[in-house]
file my_file31.cif (mmCIF, N, CA and C atoms)
data_model
loop_
_atom_site.group_PDB
_atom_site.id
_atom_site.type_symbol
_atom_site.label_atom_id
_atom_site.label_comp_id
_atom_site.auth_asym_id
_atom_site.auth_seq_id
_atom_site.Cartn_x
_atom_site.Cartn_y
_atom_site.Cartn_z
ATOM 1 N N MET J 1 -25.446 -0.350 -14.705
ATOM 2 C CA MET J 1 -25.843 -0.328 -13.315
ATOM 3 C C MET J 1 -26.752 -1.529 -13.055
ATOM 4 N N SER J 2 -26.450 -2.271 -12.013
ATOM 5 C CA SER J 2 -27.245 -3.462 -11.708
ATOM 6 C C SER J 2 -28.570 -3.089 -11.055
ATOM 7 N N LYS J 3 -29.496 -4.054 -11.068
ATOM 8 C CA LYS J 3 -30.834 -3.833 -10.523
ATOM 9 C C LYS J 3 -31.086 -4.766 -9.352
ATOM 10 N N ILE J 4 -31.909 -4.287 -8.418
ATOM 11 C CA ILE J 4 -32.292 -5.050 -7.244
ATOM 12 C C ILE J 4 -33.795 -5.271 -7.331
ATOM 13 N N HIS J 5 -34.214 -6.516 -7.512
ATOM 14 C CA HIS J 5 -35.628 -6.866 -7.606
ATOM 15 C C HIS J 5 -36.069 -7.366 -6.232
ATOM 16 N N ILE J 6 -37.141 -6.763 -5.681
ATOM 17 C CA ILE J 6 -37.542 -7.055 -4.306
ATOM 18 C C ILE J 6 -38.976 -7.566 -4.244
ATOM 19 N N ASN J 7 -39.144 -8.760 -3.690
ATOM 20 C CA ASN J 7 -40.458 -9.363 -3.428
ATOM 21 C C ASN J 7 -41.393 -9.353 -4.639
ATOM 22 N N LYS J 8 -40.861 -9.388 -5.821
ATOM 23 C CA LYS J 8 -41.654 -9.396 -7.059
ATOM 24 C C LYS J 8 -42.548 -8.167 -7.212
ATOM 25 N N VAL J 9 -42.295 -7.111 -6.423
ATOM 26 C CA VAL J 9 -43.156 -5.932 -6.500
ATOM 27 C C VAL J 9 -42.418 -4.644 -6.844
ATOM 28 N N THR J 10 -41.117 -4.607 -6.672
ATOM 29 C CA THR J 10 -40.386 -3.376 -6.952
ATOM 30 C C THR J 10 -38.984 -3.674 -7.455
ATOM 31 N N THR J 11 -38.463 -2.774 -8.260
ATOM 32 C CA THR J 11 -37.099 -2.885 -8.774
ATOM 33 C C THR J 11 -36.379 -1.569 -8.511
ATOM 34 N N LEU J 12 -35.182 -1.660 -7.957
ATOM 35 C CA LEU J 12 -34.374 -0.484 -7.655
ATOM 36 C C LEU J 12 -33.076 -0.559 -8.437
ATOM 37 N N HIS J 13 -32.494 0.602 -8.723
ATOM 38 C CA HIS J 13 -31.172 0.657 -9.322
ATOM 39 C C HIS J 13 -30.143 0.628 -8.198
ATOM 40 N N ASN J 14 -29.167 -0.241 -8.330
ATOM 41 C CA ASN J 14 -28.131 -0.372 -7.327
ATOM 42 C C ASN J 14 -27.299 0.903 -7.245
ATOM 43 N N GLN J 15 -26.848 1.217 -6.042
ATOM 44 C CA GLN J 15 -25.922 2.320 -5.814
ATOM 45 C C GLN J 15 -24.678 1.685 -5.198
ATOM 46 N N GLU J 16 -23.638 1.560 -5.982
ATOM 47 C CA GLU J 16 -22.481 0.738 -5.617
ATOM 48 C C GLU J 16 -21.807 1.129 -4.306
ATOM 49 N N ASN J 17 -21.943 2.366 -3.889
ATOM 50 C CA ASN J 17 -21.278 2.797 -2.659
ATOM 51 C C ASN J 17 -22.133 2.570 -1.419
ATOM 52 N N LYS J 18 -23.327 1.963 -1.581
ATOM 53 C CA LYS J 18 -24.240 1.759 -0.458
ATOM 54 C C LYS J 18 -24.546 0.279 -0.253
ATOM 55 N N THR J 19 -24.866 -0.064 1.010
ATOM 56 C CA THR J 19 -25.349 -1.417 1.286
ATOM 57 C C THR J 19 -26.751 -1.555 0.695
ATOM 58 N N LEU J 20 -27.218 -2.784 0.588
ATOM 59 C CA LEU J 20 -28.567 -3.009 0.075
ATOM 60 C C LEU J 20 -29.606 -2.301 0.946
ATOM 61 N N LEU J 21 -29.423 -2.324 2.252
ATOM 62 C CA LEU J 21 -30.348 -1.641 3.152
ATOM 63 C C LEU J 21 -30.367 -0.143 2.857
ATOM 64 N N GLU J 22 -29.207 0.458 2.672
ATOM 65 C CA GLU J 22 -29.139 1.896 2.379
ATOM 66 C C GLU J 22 -29.788 2.229 1.036
ATOM 67 N N VAL J 23 -29.627 1.353 0.048
ATOM 68 C CA VAL J 23 -30.266 1.565 -1.256
ATOM 69 C C VAL J 23 -31.782 1.548 -1.091
ATOM 70 N N MET J 24 -32.285 0.566 -0.354
ATOM 71 C CA MET J 24 -33.728 0.474 -0.140
ATOM 72 C C MET J 24 -34.247 1.718 0.581
ATOM 73 N N GLU J 25 -33.547 2.129 1.625
ATOM 74 C CA GLU J 25 -33.978 3.300 2.388
ATOM 75 C C GLU J 25 -33.923 4.580 1.551
ATOM 76 N N SER J 26 -32.927 4.705 0.705
ATOM 77 C CA SER J 26 -32.823 5.905 -0.132
ATOM 78 C C SER J 26 -33.915 5.963 -1.192
ATOM 79 N N ASN J 27 -34.637 4.840 -1.365
ATOM 80 C CA ASN J 27 -35.751 4.779 -2.307
ATOM 81 C C ASN J 27 -37.104 4.767 -1.592
ATOM 82 N N GLY J 28 -37.129 5.245 -0.352
ATOM 83 C CA GLY J 28 -38.382 5.408 0.367
ATOM 84 C C GLY J 28 -38.930 4.171 1.039
ATOM 85 N N MET J 29 -38.104 3.145 1.180
ATOM 86 C CA MET J 29 -38.553 1.924 1.846
ATOM 87 C C MET J 29 -38.134 1.961 3.312
ATOM 88 N N ILE J 30 -39.061 1.640 4.185
ATOM 89 C CA ILE J 30 -38.744 1.487 5.602
ATOM 90 C C ILE J 30 -38.608 -0.009 5.831
ATOM 91 N N VAL J 31 -37.370 -0.463 5.962
ATOM 92 C CA VAL J 31 -37.069 -1.895 6.061
ATOM 93 C C VAL J 31 -36.902 -2.275 7.521
ATOM 94 N N GLU J 32 -37.488 -3.399 7.895
ATOM 95 C CA GLU J 32 -37.319 -3.875 9.262
ATOM 96 C C GLU J 32 -35.850 -4.188 9.487
ATOM 97 N N SER J 33 -35.229 -3.439 10.395
ATOM 98 C CA SER J 33 -33.804 -3.625 10.700
ATOM 99 C C SER J 33 -33.540 -3.116 12.111
ATOM 100 N N GLN J 34 -32.427 -3.547 12.697
ATOM 101 C CA GLN J 34 -32.106 -3.139 14.065
ATOM 102 C C GLN J 34 -30.649 -2.701 14.193
ATOM 103 N N CYS J 35 -29.723 -3.632 14.073
ATOM 104 C CA CYS J 35 -28.335 -3.362 14.458
ATOM 105 C C CYS J 35 -27.490 -2.678 13.394
ATOM 106 N N ARG J 36 -27.790 -2.947 12.122
ATOM 107 C CA ARG J 36 -27.046 -2.392 10.988
ATOM 108 C C ARG J 36 -25.587 -2.859 10.904
ATOM 109 N N ASN J 37 -25.245 -3.937 11.601
ATOM 110 C CA ASN J 37 -23.878 -4.449 11.503
ATOM 111 C C ASN J 37 -23.811 -5.970 11.400
ATOM 112 N N GLY J 38 -24.944 -6.625 11.083
ATOM 113 C CA GLY J 38 -24.940 -8.062 10.840
ATOM 114 C C GLY J 38 -25.024 -8.939 12.055
ATOM 115 N N ASP J 39 -25.326 -8.362 13.227
ATOM 116 C CA ASP J 39 -25.396 -9.151 14.453
ATOM 117 C C ASP J 39 -26.769 -9.746 14.721
ATOM 118 N N CYS J 40 -27.837 -8.982 14.465
ATOM 119 C CA CYS J 40 -29.160 -9.406 14.947
ATOM 120 C C CYS J 40 -29.947 -10.256 13.957
ATOM 121 N N GLY J 41 -29.764 -10.061 12.674
ATOM 122 C CA GLY J 41 -30.490 -10.839 11.679
ATOM 123 C C GLY J 41 -31.888 -10.331 11.373
ATOM 124 N N THR J 42 -32.272 -9.186 11.914
ATOM 125 C CA THR J 42 -33.626 -8.665 11.707
ATOM 126 C C THR J 42 -33.926 -8.408 10.235
ATOM 127 N N CYS J 43 -32.966 -7.947 9.458
ATOM 128 C CA CYS J 43 -33.194 -7.617 8.046
ATOM 129 C C CYS J 43 -33.018 -8.820 7.119
ATOM 130 N N ARG J 44 -32.808 -9.989 7.678
ATOM 131 C CA ARG J 44 -32.584 -11.227 6.910
ATOM 132 C C ARG J 44 -33.623 -11.391 5.802
ATOM 133 N N CYS J 45 -33.165 -11.772 4.627
ATOM 134 C CA CYS J 45 -34.054 -12.089 3.511
ATOM 135 C C CYS J 45 -33.378 -13.155 2.649
ATOM 136 N N THR J 46 -34.059 -13.591 1.606
ATOM 137 C CA THR J 46 -33.554 -14.671 0.766
ATOM 138 C C THR J 46 -33.056 -14.137 -0.559
ATOM 139 N N LEU J 47 -31.848 -14.509 -0.919
ATOM 140 C CA LEU J 47 -31.265 -14.181 -2.214
ATOM 141 C C LEU J 47 -31.666 -15.281 -3.189
ATOM 142 N N ILE J 48 -32.560 -14.954 -4.124
ATOM 143 C CA ILE J 48 -33.055 -15.919 -5.099
ATOM 144 C C ILE J 48 -32.052 -16.097 -6.232
ATOM 145 N N SER J 49 -31.492 -14.976 -6.697
ATOM 146 C CA SER J 49 -30.473 -15.057 -7.752
ATOM 147 C C SER J 49 -29.579 -13.829 -7.675
ATOM 148 N N GLY J 50 -28.403 -13.956 -8.271
ATOM 149 C CA GLY J 50 -27.429 -12.874 -8.268
ATOM 150 C C GLY J 50 -26.349 -13.110 -7.234
ATOM 151 N N GLU J 51 -25.511 -12.102 -7.075
ATOM 152 C CA GLU J 51 -24.360 -12.235 -6.184
ATOM 153 C C GLU J 51 -24.195 -10.974 -5.357
ATOM 154 N N VAL J 52 -23.877 -11.163 -4.065
ATOM 155 C CA VAL J 52 -23.609 -10.050 -3.162
ATOM 156 C C VAL J 52 -22.227 -10.218 -2.548
ATOM 157 N N SER J 53 -21.700 -9.126 -2.018
ATOM 158 C CA SER J 53 -20.449 -9.193 -1.263
ATOM 159 C C SER J 53 -20.682 -8.526 0.086
ATOM 160 N N TYR J 54 -20.057 -9.071 1.104
ATOM 161 C CA TYR J 54 -20.212 -8.545 2.462
ATOM 162 C C TYR J 54 -19.100 -7.556 2.762
ATOM 163 N N GLN J 55 -19.492 -6.416 3.332
ATOM 164 C CA GLN J 55 -18.496 -5.438 3.735
ATOM 165 C C GLN J 55 -17.946 -5.765 5.117
ATOM 166 N N SER J 56 -18.684 -6.555 5.896
ATOM 167 C CA SER J 56 -18.195 -7.094 7.161
ATOM 168 C C SER J 56 -18.866 -8.450 7.365
ATOM 169 N N PHE J 57 -18.205 -9.332 8.061
ATOM 170 C CA PHE J 57 -18.701 -10.692 8.253
ATOM 171 C C PHE J 57 -19.921 -10.674 9.165
ATOM 172 N N PRO J 58 -21.054 -11.219 8.712
ATOM 173 C CA PRO J 58 -22.252 -11.230 9.551
ATOM 174 C C PRO J 58 -22.140 -12.257 10.678
ATOM 175 N N LEU J 59 -22.555 -11.864 11.867
ATOM 176 C CA LEU J 59 -22.523 -12.772 13.010
ATOM 177 C C LEU J 59 -23.854 -13.488 13.213
ATOM 178 N N ALA J 60 -24.925 -12.966 12.660
ATOM 179 C CA ALA J 60 -26.238 -13.605 12.770
ATOM 180 C C ALA J 60 -26.229 -14.921 11.996
ATOM 181 N N PHE J 61 -26.985 -15.894 12.501
ATOM 182 C CA PHE J 61 -27.099 -17.180 11.833
ATOM 183 C C PHE J 61 -27.830 -17.001 10.506
ATOM 184 N N LEU J 62 -27.284 -17.574 9.440
ATOM 185 C CA LEU J 62 -27.907 -17.501 8.120
ATOM 186 C C LEU J 62 -28.074 -18.899 7.554
ATOM 187 N N SER J 63 -29.258 -19.183 7.051
ATOM 188 C CA SER J 63 -29.501 -20.431 6.343
ATOM 189 C C SER J 63 -29.055 -20.271 4.897
ATOM 190 N N THR J 64 -29.089 -21.359 4.153
ATOM 191 C CA THR J 64 -28.703 -21.335 2.746
ATOM 192 C C THR J 64 -29.489 -20.270 1.998
ATOM 193 N N ASN J 65 -28.799 -19.465 1.225
ATOM 194 C CA ASN J 65 -29.355 -18.392 0.388
ATOM 195 C C ASN J 65 -29.880 -17.188 1.159
ATOM 196 N N GLU J 66 -29.732 -17.135 2.474
ATOM 197 C CA GLU J 66 -30.136 -15.951 3.220
ATOM 198 C C GLU J 66 -28.999 -14.939 3.242
ATOM 199 N N ILE J 67 -29.376 -13.654 3.225
ATOM 200 C CA ILE J 67 -28.392 -12.578 3.310
ATOM 201 C C ILE J 67 -28.874 -11.537 4.311
ATOM 202 N N LEU J 68 -27.974 -10.648 4.697
ATOM 203 C CA LEU J 68 -28.303 -9.528 5.563
ATOM 204 C C LEU J 68 -28.038 -8.243 4.784
ATOM 205 N N PRO J 69 -29.083 -7.579 4.295
ATOM 206 C CA PRO J 69 -28.913 -6.364 3.492
ATOM 207 C C PRO J 69 -28.158 -5.238 4.197
ATOM 208 N N CYS J 70 -28.123 -5.257 5.526
ATOM 209 C CA CYS J 70 -27.448 -4.181 6.251
ATOM 210 C C CYS J 70 -25.933 -4.198 6.078
ATOM 211 N N VAL J 71 -25.375 -5.351 5.693
ATOM 212 C CA VAL J 71 -23.917 -5.441 5.583
ATOM 213 C C VAL J 71 -23.435 -5.991 4.241
ATOM 214 N N CYS J 72 -24.300 -6.009 3.230
ATOM 215 C CA CYS J 72 -23.834 -6.499 1.937
ATOM 216 C C CYS J 72 -24.235 -5.551 0.810
ATOM 217 N N LYS J 73 -23.542 -5.716 -0.290
ATOM 218 C CA LYS J 73 -23.755 -4.913 -1.485
ATOM 219 C C LYS J 73 -23.978 -5.840 -2.672
ATOM 220 N N ALA J 74 -24.762 -5.385 -3.633
ATOM 221 C CA ALA J 74 -25.012 -6.175 -4.838
ATOM 222 C C ALA J 74 -23.803 -6.133 -5.755
ATOM 223 N N LYS J 75 -23.405 -7.296 -6.261
ATOM 224 C CA LYS J 75 -22.315 -7.375 -7.235
ATOM 225 C C LYS J 75 -22.842 -7.585 -8.650
ATOM 226 N N SER J 76 -24.152 -7.851 -8.763
ATOM 227 C CA SER J 76 -24.797 -8.115 -10.051
ATOM 228 C C SER J 76 -26.274 -7.791 -9.877
ATOM 229 N N ASP J 77 -27.064 -8.015 -10.918
ATOM 230 C CA ASP J 77 -28.511 -7.952 -10.739
ATOM 231 C C ASP J 77 -28.868 -9.012 -9.706
ATOM 232 N N ILE J 78 -29.742 -8.668 -8.765
ATOM 233 C CA ILE J 78 -30.138 -9.640 -7.751
ATOM 234 C C ILE J 78 -31.662 -9.670 -7.611
ATOM 235 N N VAL J 79 -32.149 -10.797 -7.124
ATOM 236 C CA VAL J 79 -33.566 -10.968 -6.817
ATOM 237 C C VAL J 79 -33.652 -11.367 -5.351
ATOM 238 N N LEU J 80 -34.410 -10.579 -4.574
ATOM 239 C CA LEU J 80 -34.593 -10.828 -3.154
ATOM 240 C C LEU J 80 -36.054 -11.147 -2.870
ATOM 241 N N GLU J 81 -36.290 -12.032 -1.922
ATOM 242 C CA GLU J 81 -37.636 -12.306 -1.429
ATOM 243 C C GLU J 81 -37.596 -12.285 0.087
ATOM 244 N N GLY J 82 -38.750 -12.017 0.682
ATOM 245 C CA GLY J 82 -38.842 -12.014 2.136
ATOM 246 C C GLY J 82 -38.355 -10.742 2.783
ATOM 247 N N VAL J 83 -38.248 -9.655 2.030
ATOM 248 C CA VAL J 83 -37.853 -8.374 2.602
ATOM 249 C C VAL J 83 -39.081 -7.776 3.288
ATOM 250 N N THR J 84 -38.976 -7.511 4.595
ATOM 251 C CA THR J 84 -40.082 -6.921 5.338
ATOM 252 C C THR J 84 -39.928 -5.413 5.300
ATOM 253 N N PHE J 85 -40.871 -4.733 4.613
ATOM 254 C CA PHE J 85 -40.768 -3.288 4.483
ATOM 255 C C PHE J 85 -42.144 -2.663 4.292
ATOM 256 N N GLN J 86 -42.155 -1.353 4.458
ATOM 257 C CA GLN J 86 -43.313 -0.556 4.073
ATOM 258 C C GLN J 86 -42.775 0.690 3.392
ATOM 259 N N LEU J 87 -43.596 1.345 2.626
ATOM 260 C CA LEU J 87 -43.166 2.554 1.925
ATOM 261 C C LEU J 87 -43.360 3.748 2.837
ATOM 262 N N ALA J 88 -42.354 4.629 2.841
ATOM 263 C CA ALA J 88 -42.451 5.853 3.611
ATOM 264 C C ALA J 88 -43.512 6.757 2.998
ATOM 265 N N GLU J 89 -44.189 7.507 3.829
ATOM 266 C CA GLU J 89 -45.180 8.446 3.320
ATOM 267 C C GLU J 89 -44.464 9.583 2.628
ATOM 268 N N LYS J 90 -44.965 9.957 1.470
ATOM 269 C CA LYS J 90 -44.375 11.067 0.720
ATOM 270 C C LYS J 90 -44.830 12.379 1.335
ATOM 271 N N LYS J 91 -43.869 13.293 1.481
ATOM 272 C CA LYS J 91 -44.184 14.605 2.031
ATOM 273 C C LYS J 91 -44.751 15.493 0.943
ATOM 274 N N ALA J 92 -45.788 16.222 1.293
ATOM 275 C CA ALA J 92 -46.446 17.094 0.327
ATOM 276 C C ALA J 92 -45.644 18.346 0.053
#

call {"tool": "encode", "arguments": {"input": "my_file31.cif", "output": "structure tokens"}}
result
Amino acid sequence: MSKIHINKVTTLHNQENKTLLEVMESNGMIVESQCRNGDCGTCRCTLISGEVSYQSFPLAFLSTNEILPCVCKAKSDIVLEGVTFQLAEKKA
């Protein structure tokens, strides 16, 4: 199972049937996102290493090495930077 390294502070195990955004959310991360279909670019972050595949073609403008976690999946271990998130509060 591949790993997703985020902002040098957390590592998640990839879930192959989910987008990167869904993996992050299922691990208690509240990620800044809006459209969930690659149009707005709100979830944009930088892919430092590894490989992703897009489940649908993103319409938002992307610079070199930028990805949209809402519409892509990890194909290998990946390292991401610039992910804007906060941790969800744990319920007692």

call {"tool": "select_by_dssp", "arguments": {"input": "my_file31.cif", "residues": "chain J", "states": "strand (DSSP E)", "output": "PyMOL selection string"}}
result
chain J and resi 3-6+10-13+29-31+45-49+52-54+66-67+72-74+78-81+85-87

call {"tool": "closest_residue", "arguments": {"input": "my_file31.cif", "among": "J:Leu87, J:Met1, J:Val23, J:Ile78", "to": "Ile48 (chain J)", "atoms": "only N, CA and C atoms"}}
result
J:Ile78

call {"tool": "resolve_selection", "arguments": {"input": "my_file31.cif", "expression": "the PyMOL selection byres (((chain J and resi 65 and name CA) around 6) and name CA)", "output": "list in words"}}
result
Thr46, Leu47, Thr64 and Glu66 of chain J

call {"tool": "atom_distance", "arguments": {"input": "my_file31.cif", "atom1": "atom C of Val71 (chain J)", "atom2": "atom N of Glu89 (chain J)"}}
result
24.8 Å

call {"tool": "axis_aligned_box", "arguments": {"input": "my_file31.cif", "around": "region 81-85 of chain J", "padding_each_side": "4 Å", "output": "AutoDock Vina command-line options"}}
result
--center_x -39.2 --center_y -7.5 --center_z 1.7 --size_x 13.9 --size_y 17.6 --size_z 15.3

call {"tool": "decode", "arguments": {"input": "my_file31.cif", "residues": "region 44-79 of chain J", "atoms": "N, CA and C atoms", "output": "mmCIF file, in the first residue's frame"}}
result
data_model
loop_
_atom_site.group_PDB
_atom_site.id
_atom_site.type_symbol
_atom_site.label_atom_id
_atom_site.label_comp_id
_atom_site.auth_asym_id
_atom_site.auth_seq_id
_atom_site.Cartn_x
_atom_site.Cartn_y
_atom_site.Cartn_z
ATOM 1 N N ARG J 44 -5.680 22.970 -4.759
ATOM 2 C CA ARG J 44 -4.376 22.903 -5.441
ATOM 3 C C ARG J 44 -3.230 22.764 -4.439
ATOM 4 N N CYS J 45 -2.299 21.881 -4.738
ATOM 5 C CA CYS J 45 -1.085 21.729 -3.938
ATOM 6 C C CYS J 45 0.042 21.272 -4.864
ATOM 7 N N THR J 46 1.231 21.117 -4.314
ATOM 8 C CA THR J 46 2.401 20.774 -5.116
ATOM 9 C C THR J 46 2.795 19.328 -4.904
ATOM 10 N N LEU J 47 2.963 18.606 -5.989
ATOM 11 C CA LEU J 47 3.454 17.234 -5.966
ATOM 12 C C LEU J 47 4.976 17.291 -6.023
ATOM 13 N N ILE J 48 5.629 16.963 -4.907
ATOM 14 C CA ILE J 48 7.084 17.007 -4.815
ATOM 15 C C ILE J 48 7.697 15.764 -5.445
ATOM 16 N N SER J 49 7.091 14.606 -5.162
ATOM 17 C CA SER J 49 7.582 13.362 -5.770
ATOM 18 C C SER J 49 6.445 12.353 -5.824
ATOM 19 N N GLY J 50 6.613 11.367 -6.692
ATOM 20 C CA GLY J 50 5.605 10.333 -6.871
ATOM 21 C C GLY J 50 4.772 10.587 -8.110
ATOM 22 N N GLU J 51 3.746 9.770 -8.259
ATOM 23 C CA GLU J 51 2.920 9.837 -9.463
ATOM 24 C C GLU J 51 1.454 9.726 -9.092
ATOM 25 N N VAL J 52 0.622 10.547 -9.758
ATOM 26 C CA VAL J 52 -0.823 10.504 -9.570
ATOM 27 C C VAL J 52 -1.502 10.271 -10.912
ATOM 28 N N SER J 53 -2.751 9.839 -10.854
ATOM 29 C CA SER J 53 -3.558 9.727 -12.069
ATOM 30 C C SER J 53 -4.863 10.476 -11.834
ATOM 31 N N TYR J 54 -5.349 11.110 -12.876
ATOM 32 C CA TYR J 54 -6.584 11.890 -12.783
ATOM 33 C C TYR J 54 -7.768 11.033 -13.195
ATOM 34 N N GLN J 55 -8.826 11.100 -12.386
ATOM 35 C CA GLN J 55 -10.040 10.382 -12.736
ATOM 36 C C GLN J 55 -10.901 11.207 -13.684
ATOM 37 N N SER J 56 -10.685 12.521 -13.716
ATOM 38 C CA SER J 56 -11.306 13.397 -14.705
ATOM 39 C C SER J 56 -10.332 14.544 -14.968
ATOM 40 N N PHE J 57 -10.380 15.094 -16.148
ATOM 41 C CA PHE J 57 -9.444 16.140 -16.550
ATOM 42 C C PHE J 57 -9.740 17.422 -15.782
ATOM 43 N N PRO J 58 -8.751 17.973 -15.071
ATOM 44 C CA PRO J 58 -8.983 19.206 -14.319
ATOM 45 C C PRO J 58 -9.073 20.420 -15.245
ATOM 46 N N LEU J 59 -10.032 21.285 -14.978
ATOM 47 C CA LEU J 59 -10.192 22.497 -15.776
ATOM 48 C C LEU J 59 -9.476 23.693 -15.158
ATOM 49 N N ALA J 60 -9.167 23.633 -13.882
ATOM 50 C CA ALA J 60 -8.445 24.717 -13.214
ATOM 51 C C ALA J 60 -7.024 24.797 -13.765
ATOM 52 N N PHE J 61 -6.493 26.018 -13.820
ATOM 53 C CA PHE J 61 -5.130 26.224 -14.282
ATOM 54 C C PHE J 61 -4.155 25.606 -13.284
ATOM 55 N N LEU J 62 -3.192 24.841 -13.785
ATOM 56 C CA LEU J 62 -2.179 24.220 -12.934
ATOM 57 C C LEU J 62 -0.795 24.579 -13.440
ATOM 58 N N SER J 63 0.064 24.998 -12.532
ATOM 59 C CA SER J 63 1.463 25.227 -12.861
ATOM 60 C C SER J 63 2.209 23.903 -12.786
ATOM 61 N N THR J 64 3.466 23.919 -13.184
ATOM 62 C CA THR J 64 4.296 22.719 -13.145
ATOM 63 C C THR J 64 4.287 22.113 -11.752
ATOM 64 N N ASN J 65 4.070 20.821 -11.674
ATOM 65 C CA ASN J 65 4.054 20.026 -10.438
ATOM 66 C C ASN J 65 2.852 20.273 -9.535
ATOM 67 N N GLU J 66 1.887 21.086 -9.936
ATOM 68 C CA GLU J 66 0.683 21.260 -9.135
ATOM 69 C C GLU J 66 -0.335 20.185 -9.488
ATOM 70 N N ILE J 67 -1.100 19.765 -8.472
ATOM 71 C CA ILE J 67 -2.162 18.785 -8.683
ATOM 72 C C ILE J 67 -3.419 19.247 -7.959
ATOM 73 N N LEU J 68 -4.535 18.612 -8.278
ATOM 74 C CA LEU J 68 -5.797 18.860 -7.600
ATOM 75 C C LEU J 68 -6.222 17.564 -6.916
ATOM 76 N N PRO J 69 -6.060 17.468 -5.598
ATOM 77 C CA PRO J 69 -6.395 16.239 -4.872
ATOM 78 C C PRO J 69 -7.848 15.791 -5.019
ATOM 79 N N CYS J 70 -8.743 16.709 -5.372
ATOM 80 C CA CYS J 70 -10.154 16.341 -5.489
ATOM 81 C C CYS J 70 -10.439 15.415 -6.666
ATOM 82 N N VAL J 71 -9.544 15.396 -7.658
ATOM 83 C CA VAL J 71 -9.805 14.580 -8.846
ATOM 84 C C VAL J 71 -8.654 13.646 -9.218
ATOM 85 N N CYS J 72 -7.721 13.414 -8.297
ATOM 86 C CA CYS J 72 -6.639 12.495 -8.634
ATOM 87 C C CYS J 72 -6.417 11.473 -7.522
ATOM 88 N N LYS J 73 -5.749 10.412 -7.906
ATOM 89 C CA LYS J 73 -5.433 9.312 -7.008
ATOM 90 C C LYS J 73 -3.935 9.044 -7.063
ATOM 91 N N ALA J 74 -3.382 8.577 -5.957
ATOM 92 C CA ALA J 74 -1.958 8.246 -5.908
ATOM 93 C C ALA J 74 -1.698 6.938 -6.633
ATOM 94 N N LYS J 75 -0.668 6.924 -7.475
ATOM 95 C CA LYS J 75 -0.254 5.698 -8.157
ATOM 96 C C LYS J 75 0.991 5.094 -7.518
ATOM 97 N N SER J 76 1.608 5.843 -6.592
ATOM 98 C CA SER J 76 2.835 5.416 -5.918
ATOM 99 C C SER J 76 2.900 6.175 -4.600
ATOM 100 N N ASP J 77 3.972 5.980 -3.846
ATOM 101 C CA ASP J 77 4.204 6.851 -2.699
ATOM 102 C C ASP J 77 4.328 8.266 -3.245
ATOM 103 N N ILE J 78 3.696 9.228 -2.579
ATOM 104 C CA ILE J 78 3.783 10.609 -3.041
ATOM 105 C C ILE J 78 4.126 11.538 -1.874
ATOM 106 N N VAL J 79 4.700 12.675 -2.224
ATOM 107 C CA VAL J 79 4.998 13.730 -1.260
ATOM 108 C C VAL J 79 4.302 14.989 -1.759
#
